[in-house]
Amino acid sequence: MSELASRAWRLDVTDDIAALTLDVPSQSANTLSATVLDELEQLLIQLEAEPLRGLMILSAKRAGFIAGADIREFEHIDDAAHATELAQRGQRVFARLAGLPFPSVAVVHGYCLGGGLELALACTYRVARDDGSTRLGLPEVRLGINPGFGGTVRLPPLVGVLPALDMMLSGRTVAARAARRIGLVDDAVPERHLRRAAIQLLRRRAARRRAPWLQRLLATAPLRPMVVKLLTRKLAAKANPDHYPAPYRILDLWARRANEDEEAASLGELLVSRTSRNLVHIFLLGERAKRAARTEPHQIEYVHVIGAGVMGADIALWAAHRGFRVSLQDQRPEILARAMKRAHDFYTKKHKDPRAVQETMDRLMPDLAGNGLRRADLVIEAIVEKLEPKRSLLGELERKVRPGTLIATNTSSIRIEDIASALSDPTRFVGLHFFNPVPKMQLVEIVRGAQSGETALARARAFTLALDRFPLDVKSSPGFLVNRILMPYLIEAVVMVEEGISPAHIDESARAFGMPMGPVELADTVGLDICLSVAEELAGPLNTPVPEALRRKVTDGKLGKKSGEGFYRWDVKGGSHGSSGAASSEAPVTERLVLRLLNEAVACLREGVVTHPDAVDLGMVYGTGFAPYLGGPMRYVAGLGETGVAHSLYRLAQEYGTRFSPDPGWSQPELFRPEVPT
Ligand code: NAI
C-alpha cells in the first residue's frame, strides 16, 4: 500500500484487518474538520481496492472517539448554500464508508457525538467501551441545527423511531449500556475486550442491527402522522418554534421521509439562522471560559464546607459527586443529618447502582467538630449572610488551616474586602458565588476582592471547572454581576403587580420573550424574604427603591412557594400555582422588564464588574437561563443597535420615571466593542 499523506489518521493493517486511528494534531479531542474528512475520503478510496476482511475505526485520544464537527468553523459560514455543500461533502465521505466492499466497525470510547456518531452510524457495526465516560449522542439540536451527515436518515431504522427521535430532539446522550439496549451499538464491553469484540464482529460478518418490529411499525405510512402529532405536542410544551425551529425541522424531516439531500439543505438553512448563530455563540463562550480556566492546576483534593443550609449542603454534595473528598460542618447534628440524607437521595437518583451511591457517600463526611479544616485544600464558607459571624468564623479558622489552603466565601451580597480584613493573609481569599440550586445551575461567579491573589483566583477557576461549572470572573461589587442585573427586572415586575397588572400576564410575557420562568414566579420560587434582602442590599448602591408590595408580602408572612403563598397561591404538594396567564405578550410589559435588565447590564460593563460584553452573556445565559436563542443580553443589544435601545429607555423614562434613564454607558461605544478579546 502506498504511503499516505494524512496528518490526522494513522493506518495499520494486521493480517487482513485494517485499522484507521484518528488523532487530530494539537487538539485534546478529535473533531471532524473539513480537512479530517478529506483525508478520510482519500484513505477510503485507497482501501476500497484492497483485499481486506474488514476495517476498524478508532481514536487515539484519551478523551474519546470524536466530539463532533469543529464548531469553531461554523462561525465563519455565512451562506446557507455553502453550509449545505459542506454537509453533502461529509455525507459523501460517509456514503463511501458505508459502501465499502467489506464490513467496518467503529470502536468507541468516551465522547462520540454529532458527526462522530454519524461516522459510527455509517459503519456496519459499532462497539463501545463499557464505562461511565462513554457517551453517544446527536446534540446538534442544542446548537439550533439538525444532524447533517446522514444521522437523521440512518439512526431511526437502526434503533427505532422513538429512541432515535428522542435522541435527536433532546440532544441527550446515552451511555454504553443504554446504547446496547436500544441497538445503537452491537456490543458494550470493558476496555480490555474492546478490540477483540470489534474484530469478532468483522470476522463473523454478524447480521446488521435493525430496530425491533414495533418501532418499525411506527414508521409505516398509517402510523407516521400519529407519531408526528404526538411528538409535536410534546415539543410545543418545551420549545417555542419561533425561537427554536431545529427540533421541529428534525421531526419534519422524519415525517417526510427526507433523504440526505434534504437533510443537508435543512442544515444549511438552520446553520445561518439567528438562533443557531446565537446558540453557537453561547456554546463557544462556555468553551472559552473552560479553556481559560485550564491554565493552572487547582491542587485541591479535599474540600471543607462550613454551613450545611440550602447552599452549603448542595455545594458539598456536588463536590463529592465530582470526585472530591468533602467534609461538611454545621452547628447542630440534625442539620448535618438532613444534609447527608439530601445527598443520599440525590446520589440514589443519579446513580441507581447502590455501590456507586455508597462510593460517593464515602467521600462526604459530616463534621460537627470541624476536624476537616486541618486537611482541607479549600474551605468554602456558606453560613448565614451576616458580616460579623462570617468575619469571626474566618478569622478563627485561618489559624487552623494549612498555609496553602484556599479560602472562599459563598456570600451573595457582602463586600469581599469587608470579610477579607478579618484574615491575616487575605491574598488566599476569594468569592465563589454559586447559584441555587447548585446541581442545576452551571455558573459560578469568581469574585475578585481588592486583596485576592492571582494564584488564588486561578485555583478557584480551575476548581470550578472540575465541578463542571463555568467560572465567570467578576469584580467585588454589590450583587456582583448576575443578581445585580436580575434585580431591576424582578423589581419592575413587582411594580407592575402594584399597578394592577396580573402576575400571570407578566410571567407569560417574559416567557414569550424567551425566559425560562416569569419574574413573579421566579421571585416566589427564590423566596420573597430572600428577594427583599437582596433588594434592600442593592437599593442604596443601585439607587432603586424597594417596592412596598414586596415588603408587605414579607411582613404578612407570604414568602412564596415555601410558605404556600407569595404573589401566587401555591399548591404545596404539586408545586404549581392556580392562575393562568393571557397568551399574548403585550409590548410594554416585556419592554419594561427587558429594558431594565439591559440598562443594568450596561451599567455593569461601564463600572467594570466584568470587562467584556461576552461575560455578561455567559453569566446571564448560564446563571439565569436568559433567552439562549438571543445569545444573551449583549448579543441581543448588538442585534438591535445600542442607540435604538438607549432611545427606547429614554422614552420609557419619560413615561414611567427616572429608573429607566439610560445609563451613561450607552454612549460609550468601546464598552460594546472592546478591543480585548474574552
Ligand atoms: P441557610 O440559612 O440555609 O444556611 C446557613 C447554615 O449555616 C445554617 O445551617 C446554619 O446553622 C449554619 N451556620 C451559621 N453559622 C455557623 C457557624 N458559625 N458555623 C457553622 N455553621 C453555621 O443559608 P443559605 O441560603 O445556604 O446561604 C448561605 C450563604 O450562601 C449565604 O452567604 C448566602 O448569601 C449565600 N447564597 C445563598 C443563595 C440562596 O439562594 N440561598 C444563593 C447564593 C449564595
# chains A, B, ... in the order shown; residues from 1 in each chain; ligands from 1

call {"tool": "residues_around", "arguments": {"residues": "Thr232 in chain A", "least_positions_apart": "2", "cutoff": "12 Å", "atoms": "only C-alpha atoms", "output": "PyMOL selection string"}}
result
chain A and resi 165-166+169+225-230+234-241+245+247-252+255

call {"tool": "residues_near_ligand", "arguments": {"ligand": "ligand 1", "cutoff": "7 Å", "atoms": "only C-alpha atoms and all ligand atoms", "output": "PyMOL selection string"}}
result
chain A and resi 306-312+329-332+335+382-385+389+393+410-413+433-436+526

call {"tool": "write_last_selection", "arguments": {"atoms": "N, CA, C and O atoms", "output": "mmCIF file, in the first residue's frame"}}
result
data_model
loop_
_atom_site.group_PDB
_atom_site.id
_atom_site.type_symbol
_atom_site.label_atom_id
_atom_site.label_comp_id
_atom_site.auth_asym_id
_atom_site.auth_seq_id
_atom_site.Cartn_x
_atom_site.Cartn_y
_atom_site.Cartn_z
ATOM 1 N N ILE A 306 -18.351 24.929 55.288
ATOM 2 C CA ILE A 306 -18.943 25.315 56.576
ATOM 3 C C ILE A 306 -20.301 25.961 56.341
ATOM 4 O O ILE A 306 -20.407 26.940 55.587
ATOM 5 N N GLY A 307 -21.313 25.396 57.012
ATOM 6 C CA GLY A 307 -22.696 25.832 56.795
ATOM 7 C C GLY A 307 -23.368 24.788 55.931
ATOM 8 O O GLY A 307 -22.994 24.610 54.770
ATOM 9 N N ALA A 308 -24.323 24.040 56.517
ATOM 10 C CA ALA A 308 -24.973 22.960 55.761
ATOM 11 C C ALA A 308 -26.419 23.331 55.473
ATOM 12 O O ALA A 308 -27.313 22.501 55.521
ATOM 13 N N GLY A 309 -26.653 24.603 55.180
ATOM 14 C CA GLY A 309 -28.003 25.062 54.827
ATOM 15 C C GLY A 309 -28.282 24.773 53.362
ATOM 16 O O GLY A 309 -27.710 23.860 52.772
ATOM 17 N N VAL A 310 -29.164 25.595 52.782
ATOM 18 C CA VAL A 310 -29.571 25.402 51.392
ATOM 19 C C VAL A 310 -28.344 25.277 50.480
ATOM 20 O O VAL A 310 -28.228 24.348 49.680
ATOM 21 N N MET A 311 -27.408 26.202 50.620
ATOM 22 C CA MET A 311 -26.284 26.252 49.683
ATOM 23 C C MET A 311 -25.162 25.296 50.071
ATOM 24 O O MET A 311 -24.672 24.522 49.252
ATOM 25 N N GLY A 312 -24.718 25.369 51.322
ATOM 26 C CA GLY A 312 -23.580 24.560 51.759
ATOM 27 C C GLY A 312 -23.813 23.072 51.524
ATOM 28 O O GLY A 312 -22.926 22.361 51.043
ATOM 29 N N GLN A 329 -19.495 20.962 57.690
ATOM 30 C CA GLN A 329 -19.603 21.362 59.094
ATOM 31 C C GLN A 329 -20.818 22.255 59.313
ATOM 32 O O GLN A 329 -21.149 23.086 58.456
ATOM 33 N N ASP A 330 -21.481 22.070 60.447
ATOM 34 C CA ASP A 330 -22.543 22.997 60.854
ATOM 35 C C ASP A 330 -22.624 22.984 62.372
ATOM 36 O O ASP A 330 -21.881 22.246 63.027
ATOM 37 N N GLN A 331 -23.553 23.777 62.907
ATOM 38 C CA GLN A 331 -23.587 23.914 64.367
ATOM 39 C C GLN A 331 -24.322 22.791 65.074
ATOM 40 O O GLN A 331 -24.073 22.530 66.238
ATOM 41 N N ARG A 332 -25.284 22.177 64.367
ATOM 42 C CA ARG A 332 -26.084 21.159 65.066
ATOM 43 C C ARG A 332 -26.121 19.863 64.258
ATOM 44 O O ARG A 332 -26.204 19.901 63.024
ATOM 45 N N ILE A 335 -28.833 19.254 61.576
ATOM 46 C CA ILE A 335 -28.691 19.954 60.283
ATOM 47 C C ILE A 335 -27.807 19.110 59.366
ATOM 48 O O ILE A 335 -28.093 18.943 58.175
ATOM 49 N N ALA A 382 -20.249 28.958 53.873
ATOM 50 C CA ALA A 382 -21.622 29.190 53.381
ATOM 51 C C ALA A 382 -22.565 29.309 54.571
ATOM 52 O O ALA A 382 -23.604 28.643 54.622
ATOM 53 N N ILE A 383 -22.179 30.110 55.563
ATOM 54 C CA ILE A 383 -23.055 30.308 56.731
ATOM 55 C C ILE A 383 -23.972 31.506 56.470
ATOM 56 O O ILE A 383 -23.943 32.086 55.387
ATOM 57 N N VAL A 384 -24.747 31.874 57.491
ATOM 58 C CA VAL A 384 -25.725 32.967 57.310
ATOM 59 C C VAL A 384 -25.101 34.227 56.697
ATOM 60 O O VAL A 384 -23.938 34.534 56.942
ATOM 61 N N GLU A 385 -25.954 34.953 55.968
ATOM 62 C CA GLU A 385 -25.478 36.138 55.255
ATOM 63 C C GLU A 385 -25.361 37.337 56.207
ATOM 64 O O GLU A 385 -26.139 38.301 56.129
ATOM 65 N N PRO A 389 -20.655 37.321 61.910
ATOM 66 C CA PRO A 389 -20.399 35.873 62.029
ATOM 67 C C PRO A 389 -19.400 35.373 60.991
ATOM 68 O O PRO A 389 -18.534 34.542 61.299
ATOM 69 N N LEU A 393 -15.805 33.767 62.108
ATOM 70 C CA LEU A 393 -15.550 32.373 61.697
ATOM 71 C C LEU A 393 -14.244 32.277 60.899
ATOM 72 O O LEU A 393 -13.384 31.437 61.160
ATOM 73 N N ASN A 410 -19.174 32.061 49.990
ATOM 74 C CA ASN A 410 -20.272 31.993 49.028
ATOM 75 C C ASN A 410 -21.211 33.190 49.200
ATOM 76 O O ASN A 410 -22.339 33.172 48.736
ATOM 77 N N THR A 411 -20.748 34.226 49.836
ATOM 78 C CA THR A 411 -21.640 35.373 50.070
ATOM 79 C C THR A 411 -22.244 35.878 48.766
ATOM 80 O O THR A 411 -21.600 35.847 47.721
ATOM 81 N N SER A 412 -23.510 36.342 48.856
ATOM 82 C CA SER A 412 -24.096 36.874 47.632
ATOM 83 C C SER A 412 -24.171 38.384 47.652
ATOM 84 O O SER A 412 -24.469 38.989 46.634
ATOM 85 N N SER A 413 -23.903 39.000 48.810
ATOM 86 C CA SER A 413 -24.039 40.454 48.796
ATOM 87 C C SER A 413 -23.035 41.223 49.661
ATOM 88 O O SER A 413 -22.971 42.437 49.567
ATOM 89 N N HIS A 433 -19.147 32.324 44.173
ATOM 90 C CA HIS A 433 -20.586 32.544 44.304
ATOM 91 C C HIS A 433 -21.364 31.535 43.458
ATOM 92 O O HIS A 433 -21.453 31.656 42.236
ATOM 93 N N PHE A 434 -21.918 30.535 44.143
ATOM 94 C CA PHE A 434 -22.717 29.503 43.482
ATOM 95 C C PHE A 434 -24.156 29.987 43.354
ATOM 96 O O PHE A 434 -24.592 30.863 44.089
ATOM 97 N N PHE A 435 -24.898 29.360 42.445
ATOM 98 C CA PHE A 435 -26.310 29.708 42.279
ATOM 99 C C PHE A 435 -27.193 28.555 42.729
ATOM 100 O O PHE A 435 -26.786 27.399 42.692
ATOM 101 N N ASN A 436 -28.375 28.904 43.121
ATOM 102 C CA ASN A 436 -29.314 27.944 43.690
ATOM 103 C C ASN A 436 -30.306 27.487 42.619
ATOM 104 O O ASN A 436 -30.899 28.348 41.973
ATOM 105 N N VAL A 526 -37.685 31.713 44.524
ATOM 106 C CA VAL A 526 -36.476 32.019 45.299
ATOM 107 C C VAL A 526 -36.845 32.287 46.762
ATOM 108 O O VAL A 526 -36.090 31.974 47.686
#

call {"tool": "residues_around", "arguments": {"residues": "Pro426 in chain A", "least_positions_apart": "5", "cutoff": "7 Å", "atoms": "only C-alpha atoms", "output": "ChimeraX atom specification"}}
result
/A:420-421,451-452

call {"tool": "write_last_selection", "arguments": {"atoms": "C-alpha atoms", "output": "PDB file, in the first residue's frame"}}
result
ATOM      1  CA  ALA A 420     -11.115  39.652  53.947  1.00  0.00           C
ATOM      2  CA  SER A 421      -9.886  42.157  56.523  1.00  0.00           C
ATOM      3  CA  GLN A 451      -6.756  41.683  48.103  1.00  0.00           C
ATOM      4  CA  SER A 452      -7.371  38.412  46.234  1.00  0.00           C
TER       5      SER A 452
END

call {"tool": "closest_residue", "arguments": {"among": "A:Arg129, A:Arg135, A:Arg10, A:Arg592", "to": "Ile66 in chain A", "atoms": "only C-alpha atoms"}}
result
A:Arg135

call {"tool": "closest_residue", "arguments": {"among": "A:Val495, A:Met487, A:Ala63, A:Ala523", "to": "Leu542 in chain A", "atoms": "only C-alpha atoms"}}
result
A:Met487

call {"tool": "closest_residue", "arguments": {"among": "A:His298, A:Arg274, A:Arg606, A:Arg469", "to": "Met441 in chain A", "atoms": "only C-alpha atoms"}}
result
A:Arg469

call {"tool": "closest_residue", "arguments": {"among": "A:Ala369, A:Leu443, A:Val185, A:Leu394", "to": "Leu328 in chain A", "atoms": "only C-alpha atoms"}}
result
A:Ala369

call {"tool": "closest_residue", "arguments": {"among": "A:Glu388, A:Asp529, A:Glu296, A:Glu521", "to": "Arg459 in chain A", "atoms": "only C-alpha atoms"}}
result
A:Glu296

call {"tool": "residues_around", "arguments": {"residues": "range 208-219 of chain A", "least_positions_apart": "5", "cutoff": "7 Å", "atoms": "only C-alpha atoms", "output": "number ranges by chain"}}
result
A: 124, 157-161, 183, 224

call {"tool": "write_last_selection", "arguments": {"atoms": "C-alpha atoms", "output": "compact mmCIF listing (two decimals), in the first residue's frame"}}
result
# COMPACT_ATOMS: atom_id res chain seq x y z
CA THR A 124 -21.55 -1.73 9.57
CA PRO A 157 -34.02 2.39 11.13
CA LEU A 158 -31.21 1.27 13.45
CA VAL A 159 -32.65 2.00 16.90
CA GLY A 160 -36.29 2.67 16.10
CA VAL A 161 -38.36 5.78 15.69
CA GLY A 183 -29.31 -1.27 19.47
CA ARG A 224 -46.25 8.01 10.99

call {"tool": "select_by_dssp", "arguments": {"residues": "range 412-444 of chain A", "states": "helix (DSSP H, G or I)", "output": "PDB file with N, CA, C and O atoms, in the first residue's frame"}}
result
ATOM      1  N   ILE A 416     -16.430  41.530  49.594  1.00  0.00           N
ATOM      2  CA  ILE A 416     -15.373  40.563  49.879  1.00  0.00           C
ATOM      3  C   ILE A 416     -14.310  41.218  50.778  1.00  0.00           C
ATOM      4  O   ILE A 416     -13.784  40.602  51.696  1.00  0.00           O
ATOM      5  N   GLU A 417     -14.041  42.492  50.509  1.00  0.00           N
ATOM      6  CA  GLU A 417     -12.999  43.197  51.267  1.00  0.00           C
ATOM      7  C   GLU A 417     -13.346  43.279  52.747  1.00  0.00           C
ATOM      8  O   GLU A 417     -12.465  43.195  53.596  1.00  0.00           O
ATOM      9  N   ASP A 418     -14.644  43.449  53.040  1.00  0.00           N
ATOM     10  CA  ASP A 418     -15.050  43.567  54.438  1.00  0.00           C
ATOM     11  C   ASP A 418     -14.832  42.256  55.186  1.00  0.00           C
ATOM     12  O   ASP A 418     -14.530  42.257  56.376  1.00  0.00           O
ATOM     13  N   ILE A 419     -14.987  41.149  54.491  1.00  0.00           N
ATOM     14  CA  ILE A 419     -14.735  39.858  55.147  1.00  0.00           C
ATOM     15  C   ILE A 419     -13.225  39.609  55.193  1.00  0.00           C
ATOM     16  O   ILE A 419     -12.680  39.170  56.201  1.00  0.00           O
ATOM     17  N   ALA A 420     -12.543  39.966  54.080  1.00  0.00           N
ATOM     18  CA  ALA A 420     -11.115  39.652  53.947  1.00  0.00           C
ATOM     19  C   ALA A 420     -10.277  40.290  55.048  1.00  0.00           C
ATOM     20  O   ALA A 420      -9.256  39.733  55.459  1.00  0.00           O
ATOM     21  N   PRO A 426      -5.027  37.826  53.360  1.00  0.00           N
ATOM     22  CA  PRO A 426      -6.223  37.929  52.508  1.00  0.00           C
ATOM     23  C   PRO A 426      -5.958  37.581  51.043  1.00  0.00           C
ATOM     24  O   PRO A 426      -6.899  37.495  50.262  1.00  0.00           O
ATOM     25  N   THR A 427      -4.672  37.362  50.666  1.00  0.00           N
ATOM     26  CA  THR A 427      -4.411  37.052  49.245  1.00  0.00           C
ATOM     27  C   THR A 427      -4.983  35.692  48.871  1.00  0.00           C
ATOM     28  O   THR A 427      -5.239  35.420  47.727  1.00  0.00           O
ATOM     29  N   ARG A 428      -5.176  34.824  49.863  1.00  0.00           N
ATOM     30  CA  ARG A 428      -5.702  33.498  49.536  1.00  0.00           C
ATOM     31  C   ARG A 428      -7.221  33.431  49.640  1.00  0.00           C
ATOM     32  O   ARG A 428      -7.818  32.356  49.632  1.00  0.00           O
TER      33      ARG A 428
END
